[in-house]
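Student: Take this structure first; my questions come after.
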Amino acid sequence: MANTLARRRHSAYLVQLGRCYYCGLPMWEDDLESFCRARKIEHCHAERLQCTAEHLHAKQDGGLDTVENIVAACIHCNHSRHSGNQNPNPGEYSRFVREELRRGSWHCPDLLTAFGALLAGHNRQGQVAS
């Protein structure tokens, strides 16, 4: 990986065990086909789980491409956080996403069914929450 942002995204992806910083679902980096086949989900659902580099402190607000400021987030969570004029802080946004997941309204039902067991009782790094 040539550029710094891509390297930092990949490092965060590994530290987070391939799971989104916000929703906790597994993500894919380069091979959508294998991801879908292994998890028995359709491309149209898996596309929203592509791994992106998420700036905790947004670039537009002066956030830098530093290790401390870059996490791996699925494209759905990343884009939703920065949509419109809103840009909630990461803590507020994490709480919002977790509440929406509890309600079953964050990701499509097919993804929640496929990955529901992974979500229960795990933190953003894929470890059992205390």
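Ligands are numbered from 1 in the order shown, residues from 1 within each chain, and chains are lettered A, B, ... in the order they appear in the structure tokens.
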Could I get the residues of segment 9-29 of chain A with an atom no further than 6 Å from an atom of segment 45-61 of chain A, each paired with its nearest atom pair and that distance in Å to one decimal, using only C-alpha atoms, sorted by chain and residue number, as a Markdown table?
Tutor:
| residue | atom | partner | partner_atom | distance |
| --- | --- | --- | --- | --- |
| A:Arg9 | CA | A:Ala53 | CA | 4.9 |
| A:Met27 | CA | A:Leu49 | CA | 4.9 |
| A:Trp28 | CA | A:Gln50 | CA | 5.1 |
| A:Glu29 | CA | A:Cys51 | CA | 5.3 |
Student: Could you list, as a PyMOL selection string, every residue within 12 Å of Leu101 of chain A, counting only C-alpha atoms and ignoring same-chain residues fewer than 5 positions away?
Tutor: chain A and resi 22-25+77+94-96+106-109+111-113+115-116+119-120
Student: Please extract the residues of segment 41-130 of chain A with a backbone DSSP assignment of strand (DSSP E) and present them as a list in words.
Tutor: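 Everything in segment 41-130 of chain A that counts as strand (DSSP E) is Cys51, Thr52, Ala53, Glu54, His55, Ile70, Val71, Ala72, Ala73 and Cys74 of chain A.
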Student: Restrict the selected residues to N, CA and C atoms and save them as a short mmCIF file (atom, residue, chain, number, x, y, z; two decimals), in the first residue's frame.
Tutor:
data_model
loop_
_atom_site.label_atom_id
_atom_site.label_comp_id
_atom_site.auth_asym_id
_atom_site.auth_seq_id
_atom_site.Cartn_x
_atom_site.Cartn_y
_atom_site.Cartn_z
N CYS A 51 -14.38 -1.48 3.92
CA CYS A 51 -13.56 -0.79 4.91
C CYS A 51 -13.08 0.56 4.37
N THR A 52 -13.25 1.59 5.19
CA THR A 52 -12.75 2.93 4.86
C THR A 52 -11.91 3.45 6.02
N ALA A 53 -11.11 4.45 5.73
CA ALA A 53 -10.37 5.16 6.78
C ALA A 53 -11.28 6.24 7.34
N GLU A 54 -11.54 6.18 8.61
CA GLU A 54 -12.40 7.16 9.28
C GLU A 54 -11.55 8.06 10.16
N HIS A 55 -11.66 9.35 9.93
CA HIS A 55 -10.97 10.33 10.77
C HIS A 55 -11.85 10.64 11.97
N ILE A 70 -6.99 7.87 12.97
CA ILE A 70 -7.54 7.01 11.93
C ILE A 70 -8.02 5.70 12.53
N VAL A 71 -9.28 5.36 12.26
CA VAL A 71 -9.83 4.05 12.58
C VAL A 71 -10.40 3.47 11.31
N ALA A 72 -10.75 2.20 11.35
CA ALA A 72 -11.39 1.54 10.21
C ALA A 72 -12.89 1.51 10.48
N ALA A 73 -13.65 1.99 9.51
CA ALA A 73 -15.11 1.99 9.64
C ALA A 73 -15.72 1.55 8.31
N CYS A 74 -16.85 0.87 8.40
CA CYS A 74 -17.53 0.50 7.17
C CYS A 74 -18.00 1.76 6.45
#
Student: Give the alpha helix (DSSP H) residues of segment 76-125 of chain A, as assigned by DSSP on the backbone, as a VMD selection string.
Tutor: chain A and resid 76 to 81 90 to 103 109 to 119
Student: I'd like the interatomic distance between atom CA of Arg8 of chain A and atom CA of Thr66 of chain A, to a tenth of an Å.
Tutor: 7.8 Å
Student: Quick check, in Å to one decimal: how far apart do atom CA of Ser80 of chain A and atom CA of Glu100 of chain A lie?
Tutor: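 Those two atoms sit 12.4 Å apart.
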Student: Looking at only C-alpha atoms, which of A:Glu92, A:Asp65, A:Gly18, A:Gly104 is the one that sits closest to Asn3 of chain A?
Tutor: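 Distance minimum relative to Asn3 of chain A lands on A:Asp65.
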